[in-house]
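Undergrad: This one is structure10.cif, mmCIF, C-alpha atoms.
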data_target
loop_
_atom_site.group_PDB
_atom_site.id
_atom_site.type_symbol
_atom_site.label_atom_id
_atom_site.label_comp_id
_atom_site.auth_asym_id
_atom_site.auth_seq_id
_atom_site.Cartn_x
_atom_site.Cartn_y
_atom_site.Cartn_z
ATOM 1 C CA MET M 1 -22.730 3.857 10.336
ATOM 2 C CA SER M 2 -22.632 5.435 13.773
ATOM 3 C CA PHE M 3 -21.416 8.996 14.237
ATOM 4 C CA SER M 4 -21.802 8.979 17.994
ATOM 5 C CA PHE M 5 -18.208 10.093 18.410
ATOM 6 C CA PHE M 6 -19.266 13.502 17.066
ATOM 7 C CA LYS M 7 -21.838 13.849 19.807
ATOM 8 C CA VAL M 8 -21.446 17.092 21.772
ATOM 9 C CA SER M 9 -21.184 16.555 25.515
ATOM 10 C CA ARG M 10 -24.080 17.859 27.603
ATOM 11 C CA PRO M 11 -23.313 21.164 29.348
ATOM 12 C CA LYS M 12 -23.032 20.886 33.103
ATOM 13 C CA THR M 13 -25.825 22.176 35.283
ATOM 14 C CA PRO M 14 -25.030 24.859 37.888
ATOM 15 C CA GLN M 15 -25.228 22.210 40.595
ATOM 16 C CA GLU M 16 -22.738 20.010 38.734
ATOM 17 C CA VAL M 17 -20.374 22.956 38.202
ATOM 18 C CA VAL M 18 -20.388 23.794 41.897
ATOM 19 C CA LYS M 19 -19.907 20.160 42.850
ATOM 20 C CA SER M 20 -16.869 19.917 40.547
ATOM 21 C CA ILE M 21 -15.411 23.154 41.937
ATOM 22 C CA LYS M 22 -15.883 21.995 45.513
ATOM 23 C CA GLU M 23 -14.368 18.556 44.901
ATOM 24 C CA SER M 24 -11.355 19.967 43.067
ATOM 25 C CA LEU M 25 -10.668 22.511 45.813
ATOM 26 C CA MET M 26 -11.017 19.888 48.525
ATOM 27 C CA ALA M 27 -8.630 17.632 46.605
ATOM 28 C CA LEU M 28 -5.882 20.178 47.252
ATOM 29 C CA ASP M 29 -6.132 19.337 50.955
ATOM 30 C CA THR M 30 -6.297 15.566 50.784
ATOM 31 C CA LYS M 31 -3.389 13.570 52.133
ATOM 32 C CA THR M 32 -3.125 11.755 48.819
ATOM 33 C CA VAL M 33 -1.714 14.876 47.203
ATOM 34 C CA VAL M 34 1.884 14.245 48.178
ATOM 35 C CA GLU M 35 3.602 14.282 44.819
ATOM 36 C CA VAL M 36 4.252 17.293 42.621
ATOM 37 C CA LYS M 37 2.497 15.720 39.629
ATOM 38 C CA ALA M 38 -0.579 14.896 41.674
ATOM 39 C CA LEU M 39 -0.746 18.459 42.972
ATOM 40 C CA GLU M 40 -0.301 19.873 39.479
ATOM 41 C CA LYS M 41 -3.173 17.714 38.242
ATOM 42 C CA ALA M 42 -5.399 18.893 41.094
ATOM 43 C CA LEU M 43 -4.585 22.544 40.347
ATOM 44 C CA GLU M 44 -5.324 21.993 36.648
ATOM 45 C CA GLU M 45 -8.726 20.628 37.597
ATOM 46 C CA VAL M 46 -9.433 23.709 39.724
ATOM 47 C CA GLU M 47 -8.379 25.964 36.854
ATOM 48 C CA LYS M 48 -10.633 24.110 34.412
ATOM 49 C CA ASN M 49 -13.578 24.373 36.782
ATOM 50 C CA PHE M 50 -13.011 28.107 37.271
ATOM 51 C CA VAL M 51 -13.114 28.581 33.484
ATOM 52 C CA THR M 52 -16.457 26.776 33.417
ATOM 53 C CA MET M 53 -17.759 28.973 36.248
ATOM 54 C CA ARG M 54 -16.561 32.128 34.471
ATOM 55 C CA THR M 55 -18.312 31.095 31.254
ATOM 56 C CA MET M 56 -21.568 30.379 33.088
ATOM 57 C CA LEU M 57 -21.416 33.737 34.867
ATOM 58 C CA SER M 58 -20.388 35.996 31.978
ATOM 59 C CA GLY M 59 -21.061 34.079 28.763
ATOM 60 C CA ASP M 60 -18.690 32.677 26.174
ATOM 61 C CA GLY M 61 -18.336 35.712 23.918
ATOM 62 C CA GLU M 62 -21.017 34.484 21.522
ATOM 63 C CA SER M 63 -23.988 34.065 23.833
ATOM 64 C CA GLU M 64 -25.097 35.883 26.954
ATOM 65 C CA PRO M 65 -25.231 34.064 30.306
ATOM 66 C CA ASN M 66 -28.471 32.336 31.261
ATOM 67 C CA LEU M 67 -29.772 34.387 34.195
ATOM 68 C CA ASP M 68 -31.629 31.463 35.748
ATOM 69 C CA GLN M 69 -28.456 29.390 35.664
ATOM 70 C CA VAL M 70 -26.468 32.257 37.152
ATOM 71 C CA SER M 71 -28.919 32.529 40.046
ATOM 72 C CA GLN M 72 -28.778 28.780 40.609
ATOM 73 C CA LEU M 73 -24.983 28.856 40.539
ATOM 74 C CA VAL M 74 -24.816 31.653 43.105
ATOM 75 C CA GLU M 75 -27.267 29.899 45.418
ATOM 76 C CA GLU M 76 -25.403 26.612 45.152
ATOM 77 C CA ILE M 77 -22.013 28.247 45.792
ATOM 78 C CA CYS M 78 -23.323 29.696 49.058
ATOM 79 C CA LYS M 79 -25.162 26.539 50.030
ATOM 80 C CA GLU M 80 -22.048 24.366 49.562
ATOM 81 C CA ASP M 81 -19.649 26.764 51.358
ATOM 82 C CA VAL M 82 -17.590 27.131 48.207
ATOM 83 C CA LEU M 83 -16.685 30.758 49.002
ATOM 84 C CA THR M 84 -14.904 29.639 52.155
ATOM 85 C CA LEU M 85 -12.989 26.973 50.236
ATOM 86 C CA ILE M 86 -12.048 29.424 47.486
ATOM 87 C CA ILE M 87 -10.652 32.024 49.885
ATOM 88 C CA HIS M 88 -8.688 29.591 52.036
ATOM 89 C CA GLN M 89 -7.156 27.907 48.971
ATOM 90 C CA LEU M 90 -6.083 31.207 47.394
ATOM 91 C CA PRO M 91 -2.417 30.902 48.458
ATOM 92 C CA ILE M 92 -1.991 27.642 46.545
ATOM 93 C CA LEU M 93 -3.844 28.580 43.347
ATOM 94 C CA GLY M 94 -1.994 29.383 40.133
ATOM 95 C CA TRP M 95 -2.026 32.765 38.385
ATOM 96 C CA GLU M 96 -4.604 31.806 35.725
ATOM 97 C CA ALA M 97 -6.966 30.364 38.320
ATOM 98 C CA ARG M 98 -6.668 33.529 40.432
ATOM 99 C CA LYS M 99 -7.337 35.714 37.403
ATOM 100 C CA ASP M 100 -10.554 33.824 36.584
ATOM 101 C CA LEU M 101 -11.537 33.818 40.239
ATOM 102 C CA VAL M 102 -11.206 37.612 40.567
ATOM 103 C CA HIS M 103 -13.374 38.026 37.459
ATOM 104 C CA CYS M 104 -16.013 35.691 38.910
ATOM 105 C CA TRP M 105 -15.798 37.258 42.373
ATOM 106 C CA THR M 106 -16.998 40.625 41.061
ATOM 107 C CA ILE M 107 -20.043 39.040 39.415
ATOM 108 C CA LEU M 108 -20.832 36.784 42.364
ATOM 109 C CA LEU M 109 -20.944 39.666 44.856
ATOM 110 C CA LYS M 110 -23.147 41.817 42.626
ATOM 111 C CA GLN M 111 -25.558 39.043 41.686
ATOM 112 C CA LYS M 112 -28.948 39.183 43.377
ATOM 113 C CA VAL M 113 -31.254 36.246 44.004
ATOM 114 C CA ASP M 114 -34.761 37.310 45.024
ATOM 115 C CA SER M 115 -33.480 40.838 45.686
ATOM 116 C CA ASN M 116 -30.739 39.568 48.011
ATOM 117 C CA HIS M 117 -26.993 39.678 47.503
ATOM 118 C CA CYS M 118 -26.513 36.041 48.470
ATOM 119 C CA CYS M 119 -22.713 36.041 48.425
ATOM 120 C CA VAL M 120 -22.513 39.262 50.430
ATOM 121 C CA GLU M 121 -24.868 37.779 53.001
ATOM 122 C CA TYR M 122 -22.736 34.643 53.086
ATOM 123 C CA ILE M 123 -19.618 36.705 53.831
ATOM 124 C CA GLU M 124 -21.513 38.575 56.571
ATOM 125 C CA GLN M 125 -22.242 35.185 58.149
ATOM 126 C CA HIS M 126 -18.590 34.104 57.721
ATOM 127 C CA ILE M 127 -17.039 37.483 58.435
ATOM 128 C CA GLU M 128 -13.628 36.038 59.314
ATOM 129 C CA LEU M 129 -13.102 35.583 55.569
ATOM 130 C CA LEU M 130 -12.517 39.332 55.296
ATOM 131 C CA ASP M 131 -9.745 39.154 57.893
ATOM 132 C CA PHE M 132 -8.140 36.367 55.866
ATOM 133 C CA LEU M 133 -8.218 38.513 52.718
ATOM 134 C CA VAL M 134 -6.640 41.445 54.583
ATOM 135 C CA VAL M 135 -3.706 39.440 55.954
ATOM 136 C CA CYS M 136 -3.043 38.116 52.447
ATOM 137 C CA TYR M 137 -1.196 41.402 51.833
ATOM 138 C CA ASP M 138 1.642 39.670 53.646
ATOM 139 C CA ASN M 139 1.860 37.256 50.690
ATOM 140 C CA LYS M 140 3.127 39.226 47.703
ATOM 141 C CA GLU M 141 2.282 36.362 45.331
ATOM 142 C CA ILE M 142 -1.454 36.749 45.872
ATOM 143 C CA ALA M 143 -1.705 40.258 47.362
ATOM 144 C CA LEU M 144 -2.860 41.977 44.164
ATOM 145 C CA SER M 145 -5.602 39.385 43.605
ATOM 146 C CA THR M 146 -6.889 39.548 47.155
ATOM 147 C CA GLY M 147 -6.665 43.337 47.055
ATOM 148 C CA LEU M 148 -9.080 43.403 44.116
ATOM 149 C CA MET M 149 -11.387 41.020 45.957
ATOM 150 C CA LEU M 150 -11.300 43.193 49.066
ATOM 151 C CA ARG M 151 -12.175 46.338 47.125
ATOM 152 C CA GLU M 152 -15.191 44.558 45.659
ATOM 153 C CA CYS M 153 -16.260 43.681 49.211
ATOM 154 C CA ILE M 154 -15.759 47.262 50.393
ATOM 155 C CA LYS M 155 -18.401 48.451 47.922
ATOM 156 C CA PHE M 156 -20.946 47.052 50.388
ATOM 157 C CA PRO M 157 -21.345 49.203 53.549
ATOM 158 C CA ASN M 158 -21.698 46.342 56.030
ATOM 159 C CA LEU M 159 -18.512 44.652 54.819
ATOM 160 C CA ALA M 160 -16.581 47.936 54.831
ATOM 161 C CA LYS M 161 -17.852 48.658 58.351
ATOM 162 C CA TYR M 162 -16.615 45.296 59.589
ATOM 163 C CA ILE M 163 -13.104 45.798 58.194
ATOM 164 C CA LEU M 164 -12.848 49.289 59.672
ATOM 165 C CA GLU M 165 -13.814 48.018 63.111
ATOM 166 C CA SER M 166 -11.844 44.769 62.982
ATOM 167 C CA ALA M 167 -8.453 44.145 64.544
ATOM 168 C CA SER M 168 -7.038 43.583 61.073
ATOM 169 C CA PHE M 169 -7.703 47.199 59.992
ATOM 170 C CA VAL M 170 -4.612 48.455 61.822
ATOM 171 C CA LEU M 171 -2.500 46.269 59.512
ATOM 172 C CA PHE M 172 -3.104 48.719 56.667
ATOM 173 C CA PHE M 173 -0.808 51.250 58.360
ATOM 174 C CA LYS M 174 1.938 48.649 57.873
ATOM 175 C CA TYR M 175 0.879 47.413 54.437
ATOM 176 C CA VAL M 176 0.891 50.851 52.782
ATOM 177 C CA GLU M 177 4.621 51.065 53.543
ATOM 178 C CA LEU M 178 5.667 47.575 52.482
ATOM 179 C CA PRO M 179 8.947 47.512 50.512
ATOM 180 C CA ASN M 180 7.218 45.975 47.479
ATOM 181 C CA PHE M 181 5.909 49.053 45.636
ATOM 182 C CA ASP M 182 3.085 47.255 43.791
ATOM 183 C CA VAL M 183 1.746 45.639 46.950
ATOM 184 C CA ALA M 184 2.061 48.851 48.973
ATOM 185 C CA SER M 185 0.230 50.812 46.255
ATOM 186 C CA ASP M 186 -2.530 48.230 46.104
ATOM 187 C CA ALA M 187 -2.888 48.273 49.896
ATOM 188 C CA PHE M 188 -3.162 52.067 49.792
ATOM 189 C CA SER M 189 -5.937 51.799 47.177
ATOM 190 C CA THR M 190 -7.866 49.479 49.496
ATOM 191 C CA PHE M 191 -7.151 51.746 52.488
ATOM 192 C CA LYS M 192 -8.461 54.718 50.501
ATOM 193 C CA ASP M 193 -11.665 52.906 49.537
ATOM 194 C CA LEU M 194 -12.276 52.010 53.175
ATOM 195 C CA LEU M 195 -12.097 55.686 54.143
ATOM 196 C CA THR M 196 -13.969 57.237 51.217
ATOM 197 C CA LYS M 197 -16.640 54.853 49.880
ATOM 198 C CA HIS M 198 -19.232 55.209 52.639
ATOM 199 C CA GLY M 199 -19.214 58.614 54.340
ATOM 200 C CA ASN M 200 -21.640 57.824 57.157
ATOM 201 C CA VAL M 201 -19.906 54.547 58.015
ATOM 202 C CA VAL M 202 -16.531 56.308 58.143
ATOM 203 C CA ALA M 203 -17.901 59.183 60.242
ATOM 204 C CA GLU M 204 -19.313 56.696 62.746
ATOM 205 C CA PHE M 205 -16.001 54.843 62.882
ATOM 206 C CA LEU M 206 -13.899 58.003 63.305
ATOM 207 C CA THR M 207 -16.170 59.293 66.043
ATOM 208 C CA ALA M 208 -15.848 56.050 68.003
ATOM 209 C CA HIS M 209 -12.112 55.556 67.400
ATOM 210 C CA TYR M 210 -10.857 59.129 67.008
ATOM 211 C CA ASP M 211 -7.672 59.051 69.125
ATOM 212 C CA GLU M 212 -6.691 55.536 68.125
ATOM 213 C CA PHE M 213 -7.102 56.227 64.404
ATOM 214 C CA PHE M 214 -5.399 59.625 64.230
ATOM 215 C CA ASP M 215 -2.484 58.508 66.378
ATOM 216 C CA GLN M 216 -1.883 55.778 63.796
ATOM 217 C CA TYR M 217 -2.500 58.114 60.876
ATOM 218 C CA GLU M 218 0.088 60.583 62.114
ATOM 219 C CA THR M 219 2.749 57.895 61.525
ATOM 220 C CA LEU M 220 1.861 58.052 57.826
ATOM 221 C CA LEU M 221 1.899 61.858 57.733
ATOM 222 C CA THR M 222 5.378 61.881 59.266
ATOM 223 C CA SER M 223 6.695 58.857 57.370
ATOM 224 C CA PRO M 224 10.269 59.089 56.019
ATOM 225 C CA ASN M 225 8.795 57.914 52.710
ATOM 226 C CA TYR M 226 7.872 60.997 50.650
ATOM 227 C CA VAL M 227 5.250 59.137 48.575
ATOM 228 C CA THR M 228 3.535 57.880 51.724
ATOM 229 C CA ARG M 229 3.425 61.383 53.195
ATOM 230 C CA ARG M 230 1.946 62.987 50.097
ATOM 231 C CA GLN M 231 -0.588 60.228 49.492
ATOM 232 C CA SER M 232 -1.659 60.313 53.130
ATOM 233 C CA ILE M 233 -2.126 64.072 53.141
ATOM 234 C CA LYS M 234 -4.228 63.894 49.971
ATOM 235 C CA LEU M 235 -6.317 61.019 51.368
ATOM 236 C CA LEU M 236 -6.856 62.855 54.642
ATOM 237 C CA SER M 237 -8.222 65.850 52.792
ATOM 238 C CA ASP M 238 -10.438 63.551 50.709
ATOM 239 C CA PHE M 239 -12.248 61.943 53.601
ATOM 240 C CA LEU M 240 -12.235 64.888 56.024
ATOM 241 C CA LEU M 241 -13.860 67.097 53.380
ATOM 242 C CA GLU M 242 -16.823 64.719 53.149
ATOM 243 C CA SER M 243 -19.928 66.319 54.703
ATOM 244 C CA PRO M 244 -20.526 63.538 57.290
ATOM 245 C CA ASN M 245 -17.009 64.170 58.647
ATOM 246 C CA ALA M 246 -17.420 67.909 59.199
ATOM 247 C CA GLN M 247 -17.307 67.655 62.991
ATOM 248 C CA ILE M 248 -14.338 65.295 62.835
ATOM 249 C CA MET M 249 -12.475 67.798 60.648
ATOM 250 C CA LYS M 250 -13.310 70.651 63.029
ATOM 251 C CA ARG M 251 -11.953 68.718 66.006
ATOM 252 C CA TYR M 252 -8.875 67.582 64.126
ATOM 253 C CA ILE M 253 -7.646 70.869 62.706
ATOM 254 C CA LEU M 254 -8.091 72.617 66.044
ATOM 255 C CA GLU M 255 -5.751 70.266 67.910
ATOM 256 C CA VAL M 256 -2.357 71.850 68.463
ATOM 257 C CA ARG M 257 -0.539 68.489 68.491
ATOM 258 C CA TYR M 258 -1.544 67.966 64.860
ATOM 259 C CA LEU M 259 -1.373 71.513 63.558
ATOM 260 C CA LYS M 260 2.243 71.657 62.436
ATOM 261 C CA VAL M 261 1.951 68.276 60.733
ATOM 262 C CA MET M 262 -1.163 69.514 59.005
ATOM 263 C CA MET M 263 0.175 72.695 57.438
ATOM 264 C CA THR M 264 0.019 71.191 53.975
ATOM 265 C CA LEU M 265 -3.488 69.894 54.597
ATOM 266 C CA LEU M 266 -4.633 73.313 55.784
ATOM 267 C CA THR M 267 -3.227 74.727 52.560
ATOM 268 C CA ILE M 268 -5.488 72.332 50.679
ATOM 269 C CA PHE M 269 -8.491 73.313 52.818
ATOM 270 C CA VAL M 270 -8.192 77.076 52.563
ATOM 271 C CA ALA M 271 -6.935 77.293 48.975
ATOM 272 C CA ASN M 272 -9.360 74.799 47.466
ATOM 273 C CA PRO M 273 -11.981 76.855 45.564
ATOM 274 C CA ASN M 274 -14.349 73.862 45.486
ATOM 275 C CA LYS M 275 -14.439 73.117 49.209
ATOM 276 C CA PRO M 276 -17.933 72.235 50.504
ATOM 277 C CA ARG M 277 -20.035 74.901 52.173
ATOM 278 C CA GLU M 278 -19.738 73.047 55.501
ATOM 279 C CA VAL M 279 -15.950 73.407 55.367
ATOM 280 C CA LYS M 280 -16.218 77.148 54.640
ATOM 281 C CA ILE M 281 -18.575 77.628 57.589
ATOM 282 C CA ILE M 282 -16.288 75.676 59.956
ATOM 283 C CA LEU M 283 -13.245 77.677 58.858
ATOM 284 C CA GLY M 284 -15.197 80.922 59.243
ATOM 285 C CA LYS M 285 -16.591 80.144 62.710
ATOM 286 C CA ASN M 286 -13.176 79.013 63.952
ATOM 287 C CA LYS M 287 -11.239 81.751 62.202
ATOM 288 C CA GLY M 288 -10.021 83.424 65.398
ATOM 289 C CA LYS M 289 -8.905 80.181 67.046
ATOM 290 C CA LEU M 290 -7.077 79.019 63.933
ATOM 291 C CA LEU M 291 -5.285 82.345 63.506
ATOM 292 C CA GLU M 292 -4.242 82.351 67.147
ATOM 293 C CA LEU M 293 -2.833 78.837 66.896
ATOM 294 C CA LEU M 294 -1.003 79.626 63.671
ATOM 295 C CA HIS M 295 0.527 82.864 64.949
ATOM 296 C CA ASN M 296 1.762 81.094 68.090
ATOM 297 C CA LEU M 297 3.653 78.385 66.237
ATOM 298 C CA SER M 298 7.347 78.872 67.013
ATOM 299 C CA PRO M 299 9.582 79.638 64.035
ATOM 300 C CA GLY M 300 12.183 76.988 63.241
ATOM 301 C CA LYS M 301 15.547 76.939 61.557
ATOM 302 C CA GLY M 302 16.716 75.572 58.231
ATOM 303 C CA SER M 303 15.252 75.415 54.729
ATOM 304 C CA GLU M 304 12.356 73.141 55.675
ATOM 305 C CA ASP M 305 11.281 75.496 58.452
ATOM 306 C CA GLU M 306 11.595 78.475 56.099
ATOM 307 C CA GLN M 307 9.183 76.699 53.734
ATOM 308 C CA PHE M 308 6.934 75.996 56.699
ATOM 309 C CA GLU M 309 6.888 79.681 57.597
ATOM 310 C CA GLU M 310 5.990 80.593 54.006
ATOM 311 C CA GLU M 311 3.122 78.105 54.014
ATOM 312 C CA LYS M 312 1.975 79.391 57.406
ATOM 313 C CA GLU M 313 1.852 82.980 56.166
ATOM 314 C CA PHE M 314 -0.085 81.891 53.086
ATOM 315 C CA ILE M 315 -2.633 80.017 55.209
ATOM 316 C CA ILE M 316 -2.991 82.950 57.616
ATOM 317 C CA GLY M 317 -3.648 85.255 54.685
ATOM 318 C CA GLU M 318 -6.295 82.959 53.215
ATOM 319 C CA ILE M 319 -8.053 82.406 56.550
ATOM 320 C CA GLU M 320 -8.122 86.180 57.209
ATOM 321 C CA LYS M 321 -10.152 86.567 54.002
ATOM 322 C CA ILE M 322 -12.901 84.276 55.298
ATOM 323 C CA SER M 323 -15.928 85.844 56.962
ATOM 324 C CA LEU M 324 -17.692 84.326 59.980
ATOM 325 C CA SER M 325 -20.371 82.939 57.638
ATOM 326 C CA GLY M 326 -17.727 81.137 55.604
ATOM 327 C CA SER M 327 -17.858 83.442 52.565
ATOM 328 C CA PHE M 328 -14.972 85.446 51.124
#
Take the structure in this file and express it as structure tokens.

TA:
Amino acid sequence: MSFSFFKVSRPKTPQEVVKSIKESLMALDTKTVVEVKALEKALEEVEKNFVTMRTMLSGDGESEPNLDQVSQLVEEICKEDVLTLIIHQLPILGWEARKDLVHCWTILLKQKVDSNHCCVEYIEQHIELLDFLVVCYDNKEIALSTGLMLRECIKFPNLAKYILESASFVLFFKYVELPNFDVASDAFSTFKDLLTKHGNVVAEFLTAHYDEFFDQYETLLTSPNYVTRRQSIKLLSDFLLESPNAQIMKRYILEVRYLKVMMTLLTIFVANPNKPREVKIILGKNKGKLLELLHNLSPGKGSEDEQFEEEKEFIIGEIEKISLSGSF
């Protein structure tokens, strides 16, 4: 008697997995997919292939992934341009497929083959993919998935540097104030990572694009949205207090056009007991100039201006305590 029907199917090789993924993604673009049922079937095939990829990359819960197979999978994905297909098909993928993709994306970017981050290098060679991920914030259906993918990319200095210097970076000043709270919050998280993950990259960017950046940033600091204002003030203090940005901070806080807007930020600077030594030295060396600027600010009218005056007096008092060396 034959028991061949109990035979377990042979697991796919990494090359076969990638081939199946590529074919299923390409099927979404073929002209034959004109009926709803046909499209649903194609999307199901993509979802099934993503599950297989996830299992190969992270194991099945009972056994660990085979590292040789993982390396082969990563190499094949880059070789077959699957990353480009994946990103461009994101808008049409279902929720489950996107969830598995985000999980795989994190592993793919981190995975090294012969000491090289193959997928990161692939993105560097197809850098327009980052712009595509950024503009996906305009699509609320996929924005949270692409936001996670972007933040994984931003962990790598070269990819973060590209986004900062790209034309698409300015879109974040719009995205952080989108009416959809979840999408706006996610965009702000990505914006924050761009400005805080790599101090030297950010310092280089701010030095080269000082006026352009801070003109845009002032729109966030003066936004009618209270949450945007507070988040932006906190973020500004986060990245300006980084040591590589010491000269940027010095230039910024000494500009009269920004000083009134930055009263709350100055409060954070002078009252923060854990401020870096560089910040203390800058405040100390510029003590006279800061005090002169603060004293010359014209008093206003109304409750908000009364609060402003109180904050100003507090800041003046704290700055007066600082010595020229930055100590108290």

Undergrad: Do you have the atom CA of M:Glu121-atom CA of M:Phe188 distance handy?

TA: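 Separating atom CA of M:Glu121 from atom CA of M:Phe188 is a distance of 26.2 Å.
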
Undergrad: Applied to the shown file, which residues does the PyMOL selection byres ((chain M and resi 150-164) around 8) return, written as a list of chain:residue names?

TA: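 Going through the file, the PyMOL selection byres ((chain M and resi 150-164) around 8) ends up selecting M:Thr106, M:Leu109, M:Val120, M:Glu124, M:Ile127, M:Leu130, M:Asp131, M:Leu133, M:Val134, M:Thr146, M:Gly147, M:Leu148, M:Met149, M:Glu165, M:Ser166, M:Ser168, M:Phe169, M:Thr190, M:Asp193, M:Leu194, M:Lys197, M:His198, M:Val201, M:Val202, M:Phe205.
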
Undergrad: Just say which residues the PyMOL selection byres ((chain M and resi 75) around 12) picks in this file, as a ChimeraX atom specification.

TA: /M:14-15,18,68-74,76-83,108-109,111-114,116-122

Undergrad: Closest to M:Glu23 among M:Leu241, M:Ala184, M:Ile86, M:Met56, using all atoms listed in the file?

TA: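 Looking only at the distances to M:Glu23, the closest residue turns out to be M:Ile86.
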
Undergrad: Which residues are near M:Leu254? Cut-off 8 Å, all atoms listed in the file, ignore same chain within fewer than 3 positions. Put them as number ranges by chain.

TA: M: 250-251, 259, 289-290

Undergrad: May I have the residues from that selection written out with C-alpha atoms, as a PDB file, in the frame of the given file?

TA:
ATOM      1  CA  LYS M 250     -13.310  70.651  63.029  1.00  0.00           C
ATOM      2  CA  ARG M 251     -11.953  68.718  66.006  1.00  0.00           C
ATOM      3  CA  LEU M 259      -1.373  71.513  63.558  1.00  0.00           C
ATOM      4  CA  LYS M 289      -8.905  80.181  67.046  1.00  0.00           C
ATOM      5  CA  LEU M 290      -7.077  79.019  63.933  1.00  0.00           C
TER       6      LEU M 290
END

Undergrad: Identify the residues within 12 Å of coordinate (-1.6, 58.1, 58.9) (same frame as the file), considering only C-alpha atoms, and give the answer as number ranges by chain.

TA: M: 170-177, 188, 191-192, 195, 211-223, 228-237, 258, 261-262

Undergrad: Report as a PDB file with C-alpha atoms, in the frame of the given file the full result of the PyMOL selection byres ((chain M and resi 55) around 12) when it is applied to this structure.

TA:
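Okay, this is what ended up in result39.pdb:
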ATOM      1  CA  PRO M  11     -23.313  21.164  29.348  1.00  0.00           C
ATOM      2  CA  LYS M  12     -23.032  20.886  33.103  1.00  0.00           C
ATOM      3  CA  PRO M  14     -25.030  24.859  37.888  1.00  0.00           C
ATOM      4  CA  VAL M  17     -20.374  22.956  38.202  1.00  0.00           C
ATOM      5  CA  LYS M  48     -10.633  24.110  34.412  1.00  0.00           C
ATOM      6  CA  ASN M  49     -13.578  24.373  36.782  1.00  0.00           C
ATOM      7  CA  PHE M  50     -13.011  28.107  37.271  1.00  0.00           C
ATOM      8  CA  VAL M  51     -13.114  28.581  33.484  1.00  0.00           C
ATOM      9  CA  THR M  52     -16.457  26.776  33.417  1.00  0.00           C
ATOM     10  CA  MET M  53     -17.759  28.973  36.248  1.00  0.00           C
ATOM     11  CA  ARG M  54     -16.561  32.128  34.471  1.00  0.00           C
ATOM     12  CA  MET M  56     -21.568  30.379  33.088  1.00  0.00           C
ATOM     13  CA  LEU M  57     -21.416  33.737  34.867  1.00  0.00           C
ATOM     14  CA  SER M  58     -20.388  35.996  31.978  1.00  0.00           C
ATOM     15  CA  GLY M  59     -21.061  34.079  28.763  1.00  0.00           C
ATOM     16  CA  ASP M  60     -18.690  32.677  26.174  1.00  0.00           C
ATOM     17  CA  GLY M  61     -18.336  35.712  23.918  1.00  0.00           C
ATOM     18  CA  GLU M  62     -21.017  34.484  21.522  1.00  0.00           C
ATOM     19  CA  SER M  63     -23.988  34.065  23.833  1.00  0.00           C
ATOM     20  CA  GLU M  64     -25.097  35.883  26.954  1.00  0.00           C
ATOM     21  CA  PRO M  65     -25.231  34.064  30.306  1.00  0.00           C
ATOM     22  CA  ASN M  66     -28.471  32.336  31.261  1.00  0.00           C
ATOM     23  CA  GLN M  69     -28.456  29.390  35.664  1.00  0.00           C
ATOM     24  CA  VAL M  70     -26.468  32.257  37.152  1.00  0.00           C
ATOM     25  CA  LEU M  73     -24.983  28.856  40.539  1.00  0.00           C
ATOM     26  CA  ASP M 100     -10.554  33.824  36.584  1.00  0.00           C
ATOM     27  CA  LEU M 101     -11.537  33.818  40.239  1.00  0.00           C
ATOM     28  CA  HIS M 103     -13.374  38.026  37.459  1.00  0.00           C
ATOM     29  CA  CYS M 104     -16.013  35.691  38.910  1.00  0.00           C
ATOM     30  CA  ILE M 107     -20.043  39.040  39.415  1.00  0.00           C
TER      31      ILE M 107
END

Undergrad: Which distance in Å separates atom CA of M:Ile282 and atom CA of M:Thr207, to one decimal?

TA: 17.5 Å

Undergrad: Report, in Å to a single decimal, how far apart atom CA of M:Leu144 and atom CA of M:Ser185 are.

TA: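 Distance reported for this atom pair: 9.6 Å.
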
Undergrad: My list of candidates is M:Ile315, M:Ala203, M:Ile21, M:Ile123. Which is closest to M:Ala246 when distances are computed with all atoms listed in the file?

TA: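 Going through M:Ile315, M:Ala203, M:Ile21, M:Ile123 one by one, the smallest distance to M:Ala246 is for M:Ala203.
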
Undergrad: For each of M:Ile142, M:Ala187, M:Ala97, M:Ile248, take the minimum atom-to-atom distance to M:Gly199, counting only C-alpha atoms, then give the residue where this is smallest.

TA: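 Answer, going by the shortest atom-to-atom distance: M:Ile248.
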
Undergrad: Considering all atoms listed in the file, state which residue in the set M:Leu206, M:Ile319, M:Ile87, M:Leu294 is at the smallest distance from M:His126.

TA: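 Using all atoms listed in the file, the shortest distance to M:His126 belongs to M:Ile87.
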
Undergrad: Using only C-alpha atoms for the distances, tell me which of M:Asn180, M:Ser24, M:Ser115, M:Gln125 is nearest to M:Tyr137.

TA: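 Going through M:Asn180, M:Ser24, M:Ser115, M:Gln125 one by one, the smallest distance to M:Tyr137 is for M:Asn180.
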
Undergrad: Put a box with edges along x, y and z around all the listed atoms of stretch 56-71 of chain M, pad it by 5 Å on each side, then give me its centre and sizes in Å, one decimal, as AutoDock Vina command-line options.

TA:
--center_x -25.0 --center_y 32.7 --center_z 30.8 --size_x 23.3 --size_y 16.6 --size_z 28.5
